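Peer 1: Before anything else, here's the structure in question.
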Amino acid sequence: MGVIHKLKPEVLSFIIENKKNNPSLSCRSLTLLIFEKLKIKVSKSSINAIFKENNLSMPIGRRRTKKKRKFNMPTLPVIEGTTAITLVPVQVEPAQGQLIQPSAAEKEAQEQARKLQEEEKIVQELARVKALEEDRLRDLERLSQEAAENKSKQEEARKLEEEKAVREAELRAEKEKWIRLAEEEQKSKQPVNEEAVPSKIELAVPEIPPEDRLCSGTILLKALDCLIGGSKEINAAISRETGSNPDDSLSLTEGLIFKSLSGAEYTQELNKYYEKIRQIGNIRSEIVKIIADTFIEARGVKINFPDGDPIYLDGQFHTSWPTPRIPYDFASTVNDLKDNLNKYFFLEQRIILFSAPGYDIFPKDFFSLLLNILQDNQPSSLTLFRNTLEEFKEISLNPGNKFSLVFGLWPWQFTSSRKVRKIGEFSLRQVDGIDRDLYLGEIEINLLQPSLNQGLTLKGCAIKTDLKEKIRLVVLNTDVRELSLEKLAALYLKHWPNFEEAFQDFSRKIELFSYSGNEQKFLSGEQFEIYAQGSGLELEEVFSKYVEMLDLYLRWHFLPPEYTEKDLNFTRECFYGLPVKLITGQDKVRVKVLFSQDYQFQKDLEYLICRLNERQIKSANGQLFWFESAFK
């Protein structure tokens with residue numbers, strides 16, 4: 001018998017009651033029902049263990065279906081005109097010693113009954129043969145489907161291997177190019193003396209074009225700093241005290257903050273700047289307060305409508321939730337959340353949610369959000385709430401502001417609550433912003449919410465990575481304004497570029513939160529030492545503590561769960577010491593993290609890159625950071 005782990009009494013009662021009320025209810029059906037009603041994911045094995053423990057398991061073997069009873073049609077009266085005449089046999093008493101001979105009518109009736117019985121046997125035999133044929137067709141269909149899936153997996157594996165080989169070849173070619181350029185540069189600087197030319201030239205950093213730069217993995221923490229706005233707020237406070245332009249001193253402020261991570265000595269310019277701000281009397285305490293406020297998290301936002309129930313969104317805008325009890329992993333810093341709310345509700349940019357929640361039935365709260373948007377029912381205010389569910393910030397909205405929504409819909413979601421009205425031809429399109437070609441097709445879908453007894457229609461684009469495969473994802477849009485398939489796909493995929501991997505991570509975090517129950521596993525102020533030590537630290541130590549807090553925040557929200565128990569020394573060795581190549585474009589900076597063939601943390605680095613790209617981090621000058629990885 002399985003072991004039931006940490007299920008609340010109300011969940012146990014819900015399972016037992018539903019099973020008793022509906023004995024034919026399967027473990028899988030009950031799993032989906034629990035998630036739909038209670039927003040908790042319980043495994044089929046746990047439910048099966050509860051069934052066995054409470055003697056609710058169904059008998060072993062295939063369920064016997066109730067056979068339909070066969071019966072003969074009654075003999076109907078003979079109809080002539082409007083008069084119905086029923087043929088009734090005449091009872092004749094036989095003479096003594098005389099055999100009773102059936103009449104012609106009786107012989108005809110007996111013959112008719114015999115024929116009916118023979119016809120019934122034929123019909124039953126045909127039904128049996130048809131049932132066997134249907135079973136055989138189902139088996140063939142299943143085998144065919146399994147063969148197609150196996151073939152698709154083999155083809156996908158082959159393509160991945162080919163892509164990997166191409167990628168490695170490109171990286172080798174790029175590396176050889178830089179080595180060749182470095183050798184040519186070195187030769188041009190040395191006198192032409194064949195005897196003095198060594199057989200092998202060692203050069204640590206090749207010269208690179210002006211638009212490209214080399215730096216270290218510290219850029220990962222600097223990007224996180226741009227996301228939460230710590231250096232920007234610290235620099236603004238210093239500029240207010242010195243009366244200088246914040247744009248002129250931001251690079252110097254960042255240099256002071258991240259000096260502890262690089263271990264370099266102060267330059268003359270940095271030393272002069274540091275001594276200048278040390279002379280400001282209250283600057284240290286003000287910076288400590290800014291840092292403490294920077295890491296305050298919001299678990300989510302409540303959208304308040306004048307009519308109807310509020311809608312809850314998590315701080316990272318994955319999806320909507322029926323209650324504010326959102327997994328802690330989806331919290332965001334207040335500064336980051338406010339920036340997004342300003343874009344979505346004041347600058348009227350489209351809200352981009354990762355996915356509609358749920359599996360079988362379209363959720364009521366998300367459907368209500370769609371209805372409010374489509375019916376132009378604008379929210380009156382927004383309320384931010386902490387990890388402790390305490391509401392702490394109210395934001396009033398202008399009724400004239402409009403907002404729209406873009407979200408993802410998976411092919412297996414809400415099969416009983418949706419209907420595809422139209423789907424166009426797929427064609428290969430270039431999706432800007434992610435440097436990738438995808439097959440896109442126009443799609444129109446009807447969505448139904450049974451409990452509200454309402455439906456709506458949305459248009460969007462369906463996405464395939466290969467023309468022969470099934471649809472991977474559908475991106476839907478509530479905005480009636482025309483938007484090309486390429487722009488709609490780019491709008492969503494720039495925010496959620498690795499959508500299938502992102503869904504696995506999203507589901508895993510929900511499952512972990514469901515199993516943890518009431519455990520308070522969120523990043524609180526007590527875990528930051530600066531809260532207790534801030535008043536007694538020197539300014540240089542305050543900056544050093546801020547870097548440690550950035551590292552802790554990155555380990556908590558952007559790396560796999562096991563990194564929460566690590567420290568700065570570990571992540572410095574794993575990531576911050578890696579060489580990084582910056583490739584500057586018109587509106588994007590490609591941050592290419594380089595690693596060797598024997599690098600042990602490639603999988604965790606890829607996970608970190610996925611999470612960073614999902615947050616749409618921008619530098620101080622407004623350029624988007626786009627993280628990649630490559631062999632050096």
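We label chains A, B, ... in the order they appear in the structure tokens, count residues from 1 in each chain, and number ligands from 1 in the order shown.
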Name the residues in contact with Leu452 (chain A) at a cut-off of 12 Å, using only C-alpha atoms, excluding same-chain residues fewer than 4 positions from it; report them as a ChimeraX atom specification.
Peer 2: /A:361-368,371,447-448,456
Peer 1: Could you save the residues just selected, with N, CA, C and O atoms, as a compact mmCIF listing (two decimals), in the first residue's frame?
Peer 2:
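Saved to result30.txt:
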```txt
# COMPACT_ATOMS: atom_id res chain seq x y z
N ILE A 361 -11.51 21.97 -17.37
CA ILE A 361 -12.57 22.97 -17.48
C ILE A 361 -11.95 24.36 -17.38
O ILE A 361 -11.11 24.61 -16.53
N PHE A 362 -12.37 25.25 -18.27
CA PHE A 362 -11.82 26.61 -18.26
C PHE A 362 -12.14 27.27 -16.91
O PHE A 362 -13.31 27.34 -16.51
N PRO A 363 -11.12 27.78 -16.19
CA PRO A 363 -11.35 28.32 -14.84
C PRO A 363 -12.20 29.58 -14.85
O PRO A 363 -12.09 30.42 -15.74
N LYS A 364 -13.03 29.68 -13.83
CA LYS A 364 -13.98 30.79 -13.76
C LYS A 364 -13.29 32.13 -13.62
O LYS A 364 -13.68 33.12 -14.24
N ASP A 365 -12.22 32.21 -12.79
CA ASP A 365 -11.57 33.50 -12.54
C ASP A 365 -10.90 34.02 -13.81
O ASP A 365 -10.99 35.22 -14.12
N PHE A 366 -10.22 33.14 -14.56
CA PHE A 366 -9.55 33.59 -15.78
C PHE A 366 -10.58 33.97 -16.84
O PHE A 366 -10.40 34.94 -17.59
N PHE A 367 -11.67 33.22 -16.91
CA PHE A 367 -12.72 33.53 -17.87
C PHE A 367 -13.36 34.89 -17.54
O PHE A 367 -13.66 35.69 -18.44
N SER A 368 -13.54 35.17 -16.24
CA SER A 368 -14.09 36.47 -15.82
C SER A 368 -13.15 37.61 -16.22
O SER A 368 -13.59 38.69 -16.62
N LEU A 371 -13.68 38.22 -19.88
CA LEU A 371 -14.96 38.91 -20.11
C LEU A 371 -14.86 40.40 -19.78
O LEU A 371 -15.37 41.25 -20.51
N LEU A 447 -14.32 29.62 -26.60
CA LEU A 447 -14.08 29.16 -25.24
C LEU A 447 -15.38 29.22 -24.45
O LEU A 447 -16.14 30.18 -24.57
N LEU A 448 -15.66 28.19 -23.64
CA LEU A 448 -16.90 28.10 -22.89
C LEU A 448 -16.60 27.91 -21.42
O LEU A 448 -15.70 27.13 -21.06
N LEU A 456 -17.03 32.84 -25.42
CA LEU A 456 -16.40 33.96 -26.12
C LEU A 456 -15.50 33.40 -27.21
O LEU A 456 -15.15 32.23 -27.21
```
Peer 1: Contacts of Asn477 (chain A) at 8 Å or less, counting only C-alpha atoms, minus same-chain residues fewer than 4 places along, as a ChimeraX atom specification?
Peer 2: /A:404-407,458-460,488
Peer 1: In Å, rounded to a single decimal, give me how far CA of Leu608 (chain A) is from CA of Leu559 (chain A).
Peer 2: 5.4 Å
Peer 1: Measuring between only C-alpha atoms, which one of A:Val474, A:Val547, A:Leu30, A:Ala236 shows the shortest distance to Val420 (chain A)?
Peer 2: A:Val474
Peer 1: Which residue gives the smallest distance to Asn387 (chain A) among A:Leu438, A:Leu523, A:Leu353, A:Leu250, with only C-alpha atoms counted?
Peer 2: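 Selected residue with least distance to Asn387 (chain A): A:Leu523.
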Peer 1: Could you check which of A:Leu347, A:Ala49, A:Leu605, A:Val475 is closest to Leu491 (chain A), using only C-alpha atoms?
Peer 2: A:Val475
Peer 1: Going by DSSP on the backbone, which bits of region 353-552 of chain A are alpha helix (DSSP H)? Write them as a ChimeraX atom specification, please.
Peer 2: /A:364-374,485-493,499-516,530-533,539-552
Peer 1: Based on the backbone DSSP call, show me all residues of region 190-344 of chain A assigned strand (DSSP E or B), as a PyMOL selection string.
Peer 2: chain A and resi 212-216+297-298+300-304+311-314+320-321+332-333
Peer 1: Output all heavy atoms of each residue in that selection to a file, as a short mmCIF file (atom, residue, chain, number, x, y, z; two decimals), in the first residue's frame.
Peer 2:
```cif
data_model
loop_
_atom_site.label_atom_id
_atom_site.label_comp_id
_atom_site.auth_asym_id
_atom_site.auth_seq_id
_atom_site.Cartn_x
_atom_site.Cartn_y
_atom_site.Cartn_z
N ASP A 212 31.80 44.81 -29.63
CA ASP A 212 31.79 43.65 -28.75
C ASP A 212 32.76 43.89 -27.59
O ASP A 212 33.79 44.54 -27.74
CB ASP A 212 32.22 42.38 -29.49
CG ASP A 212 31.24 42.03 -30.60
OD1 ASP A 212 30.18 42.68 -30.64
OD2 ASP A 212 31.54 41.15 -31.40
N ARG A 213 32.40 43.35 -26.42
CA ARG A 213 33.26 43.52 -25.25
C ARG A 213 33.33 42.20 -24.49
O ARG A 213 32.42 41.39 -24.55
CB ARG A 213 32.70 44.59 -24.31
CG ARG A 213 32.71 45.99 -24.89
CD ARG A 213 32.29 47.01 -23.84
NE ARG A 213 30.87 46.92 -23.54
CZ ARG A 213 30.37 46.84 -22.31
NH1 ARG A 213 31.16 46.76 -21.28
NH2 ARG A 213 29.06 46.81 -22.13
N LEU A 214 34.41 42.02 -23.76
CA LEU A 214 34.55 40.87 -22.88
C LEU A 214 34.45 41.33 -21.45
O LEU A 214 34.97 42.38 -21.07
CB LEU A 214 35.90 40.16 -23.11
CG LEU A 214 36.05 39.36 -24.40
CD1 LEU A 214 37.45 38.77 -24.48
CD2 LEU A 214 35.01 38.26 -24.46
N CYS A 215 33.75 40.55 -20.63
CA CYS A 215 33.65 40.84 -19.21
C CYS A 215 33.53 39.51 -18.48
O CYS A 215 33.77 38.45 -19.05
CB CYS A 215 32.47 41.76 -18.91
SG CYS A 215 30.85 41.03 -19.29
N SER A 216 33.15 39.53 -17.22
CA SER A 216 33.02 38.31 -16.44
C SER A 216 31.56 38.01 -16.15
O SER A 216 30.66 38.81 -16.45
CB SER A 216 33.80 38.45 -15.12
OG SER A 216 33.14 39.37 -14.27
N GLU A 297 9.34 41.89 -1.14
CA GLU A 297 8.65 41.16 -2.20
C GLU A 297 7.14 41.34 -2.14
O GLU A 297 6.56 41.50 -1.07
CB GLU A 297 8.97 39.66 -2.09
CG GLU A 297 10.36 39.30 -2.54
CD GLU A 297 10.54 37.80 -2.70
OE1 GLU A 297 9.98 37.05 -1.89
OE2 GLU A 297 11.23 37.38 -3.63
N ALA A 298 6.54 41.32 -3.31
CA ALA A 298 5.08 41.27 -3.44
C ALA A 298 4.72 39.90 -4.00
O ALA A 298 5.26 39.48 -5.02
CB ALA A 298 4.58 42.37 -4.36
N GLY A 300 1.81 39.04 -5.09
CA GLY A 300 0.95 39.19 -6.25
C GLY A 300 0.20 40.50 -6.22
O GLY A 300 0.43 41.37 -5.36
N VAL A 301 -0.73 40.64 -7.16
CA VAL A 301 -1.54 41.85 -7.27
C VAL A 301 -3.01 41.44 -7.42
O VAL A 301 -3.33 40.49 -8.13
CB VAL A 301 -1.09 42.73 -8.45
CG1 VAL A 301 -1.11 41.94 -9.75
CG2 VAL A 301 -1.94 43.97 -8.58
N LYS A 302 -3.87 42.18 -6.73
CA LYS A 302 -5.31 41.95 -6.84
C LYS A 302 -5.90 43.05 -7.72
O LYS A 302 -5.74 44.24 -7.45
CB LYS A 302 -5.96 41.99 -5.45
CG LYS A 302 -7.47 41.78 -5.49
CD LYS A 302 -8.05 41.63 -4.08
CE LYS A 302 -7.97 42.91 -3.29
NZ LYS A 302 -8.71 42.84 -2.01
N ILE A 303 -6.57 42.62 -8.80
CA ILE A 303 -7.22 43.56 -9.71
C ILE A 303 -8.67 43.72 -9.26
O ILE A 303 -9.44 42.76 -9.28
CB ILE A 303 -7.16 43.06 -11.16
CG1 ILE A 303 -5.72 42.74 -11.56
CG2 ILE A 303 -7.75 44.08 -12.11
CD1 ILE A 303 -5.58 42.18 -12.96
N ASN A 304 -9.04 44.93 -8.85
CA ASN A 304 -10.37 45.20 -8.32
C ASN A 304 -11.26 45.80 -9.40
O ASN A 304 -10.94 46.86 -9.97
CB ASN A 304 -10.27 46.17 -7.13
CG ASN A 304 -9.37 45.63 -6.04
OD1 ASN A 304 -9.60 44.58 -5.49
ND2 ASN A 304 -8.32 46.38 -5.71
N ILE A 311 -9.67 39.71 -9.29
CA ILE A 311 -8.83 38.73 -9.97
C ILE A 311 -7.42 38.84 -9.40
O ILE A 311 -6.89 39.94 -9.25
CB ILE A 311 -8.80 38.96 -11.49
CG1 ILE A 311 -10.22 38.98 -12.06
CG2 ILE A 311 -7.95 37.90 -12.18
CD1 ILE A 311 -10.96 37.69 -11.94
N TYR A 312 -6.79 37.70 -9.09
CA TYR A 312 -5.45 37.69 -8.52
C TYR A 312 -4.44 37.23 -9.58
O TYR A 312 -4.64 36.22 -10.25
CB TYR A 312 -5.38 36.74 -7.32
CG TYR A 312 -6.29 37.14 -6.18
CD1 TYR A 312 -7.57 36.60 -6.07
CD2 TYR A 312 -5.88 38.06 -5.22
CE1 TYR A 312 -8.41 36.96 -5.03
CE2 TYR A 312 -6.71 38.43 -4.18
CZ TYR A 312 -7.98 37.88 -4.09
OH TYR A 312 -8.80 38.24 -3.06
N LEU A 313 -3.35 38.00 -9.71
CA LEU A 313 -2.23 37.63 -10.57
C LEU A 313 -0.98 37.50 -9.72
O LEU A 313 -0.80 38.26 -8.76
CB LEU A 313 -1.99 38.68 -11.66
CG LEU A 313 -3.13 39.01 -12.62
CD1 LEU A 313 -2.69 40.10 -13.59
CD2 LEU A 313 -3.57 37.77 -13.39
N ASP A 314 -0.11 36.55 -10.07
CA ASP A 314 1.13 36.43 -9.31
C ASP A 314 2.10 37.54 -9.71
O ASP A 314 1.93 38.19 -10.74
CB ASP A 314 1.77 35.06 -9.54
CG ASP A 314 2.09 34.79 -11.00
OD1 ASP A 314 3.16 35.22 -11.45
OD2 ASP A 314 1.25 34.17 -11.68
N SER A 320 -3.50 33.72 -13.65
CA SER A 320 -4.43 34.17 -12.61
C SER A 320 -4.63 33.04 -11.61
O SER A 320 -4.41 31.87 -11.92
CB SER A 320 -5.78 34.57 -13.22
OG SER A 320 -6.47 33.43 -13.70
N TRP A 321 -5.11 33.41 -10.40
CA TRP A 321 -5.31 32.45 -9.33
C TRP A 321 -6.64 32.74 -8.65
O TRP A 321 -7.05 33.90 -8.54
CB TRP A 321 -4.18 32.56 -8.31
CG TRP A 321 -2.82 32.41 -8.92
CD1 TRP A 321 -2.08 33.38 -9.53
CD2 TRP A 321 -2.06 31.20 -9.04
NE1 TRP A 321 -0.91 32.87 -10.01
CE2 TRP A 321 -0.87 31.54 -9.72
CE3 TRP A 321 -2.26 29.89 -8.62
CZ2 TRP A 321 0.12 30.59 -10.00
CZ3 TRP A 321 -1.28 28.95 -8.89
CH2 TRP A 321 -0.10 29.30 -9.57
N SER A 332 7.65 38.66 -6.64
CA SER A 332 8.57 39.57 -7.31
C SER A 332 8.85 40.75 -6.39
O SER A 332 8.08 41.02 -5.46
CB SER A 332 7.95 40.06 -8.63
OG SER A 332 8.81 40.97 -9.28
N THR A 333 9.97 41.43 -6.63
CA THR A 333 10.24 42.62 -5.82
C THR A 333 9.21 43.69 -6.16
O THR A 333 8.68 43.74 -7.27
CB THR A 333 11.65 43.16 -6.09
OG1 THR A 333 11.76 43.53 -7.47
CG2 THR A 333 12.70 42.12 -5.75
#
```
Peer 1: Using Å and a single decimal, report how far CA of Lys464 (chain A) sits from CA of Asn150 (chain A).
Peer 2: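 Value for the CA of Asn150 (chain A)-CA of Lys464 (chain A) distance: 18.6 Å.
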Peer 1: Env of Asn498 (chain A): 7 Å cut, atoms = only C-alpha atoms, seq-sep filter 3 positions within chain, self excluded. Answer as JSON, numbers by chain.
Peer 2: {"A": [501, 502, 610]}
Peer 1: Write a file of the just-selected residues containing all heavy atoms, as a compact mmCIF listing (two decimals), in the first residue's frame.
Peer 2:
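So the final result, stored in selection.txt, reads:
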```txt
# COMPACT_ATOMS: atom_id res chain seq x y z
N GLU A 501 9.92 24.22 -21.68
CA GLU A 501 10.73 24.08 -20.47
C GLU A 501 10.15 24.92 -19.34
O GLU A 501 10.14 24.51 -18.18
CB GLU A 501 12.18 24.49 -20.77
CG GLU A 501 13.16 24.30 -19.62
CD GLU A 501 13.19 25.45 -18.64
OE1 GLU A 501 12.75 26.57 -19.01
OE2 GLU A 501 13.64 25.24 -17.51
N ALA A 502 9.63 26.10 -19.69
CA ALA A 502 9.03 26.98 -18.69
C ALA A 502 7.80 26.34 -18.06
O ALA A 502 7.54 26.51 -16.87
CB ALA A 502 8.66 28.32 -19.31
N CYS A 610 17.40 30.74 -18.76
CA CYS A 610 15.95 30.72 -19.06
C CYS A 610 15.18 31.63 -18.14
O CYS A 610 14.31 32.40 -18.57
CB CYS A 610 15.42 29.29 -18.95
SG CYS A 610 15.92 28.19 -20.29
```
Peer 1: Could you check how far CA of Pro306 (chain A) sits from CA of Asn377 (chain A), in Å to one decimal?
Peer 2: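 Taking CA of Pro306 (chain A) and CA of Asn377 (chain A), their separation equals 8.3 Å.
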Peer 1: Find the residue from A:Ile443, A:Ile50, A:Cys461, A:Ile291 that sits nearest to Lys487 (chain A); use only C-alpha atoms when measuring.
Peer 2: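 Closest to Lys487 (chain A), using only C-alpha atoms: A:Cys461.
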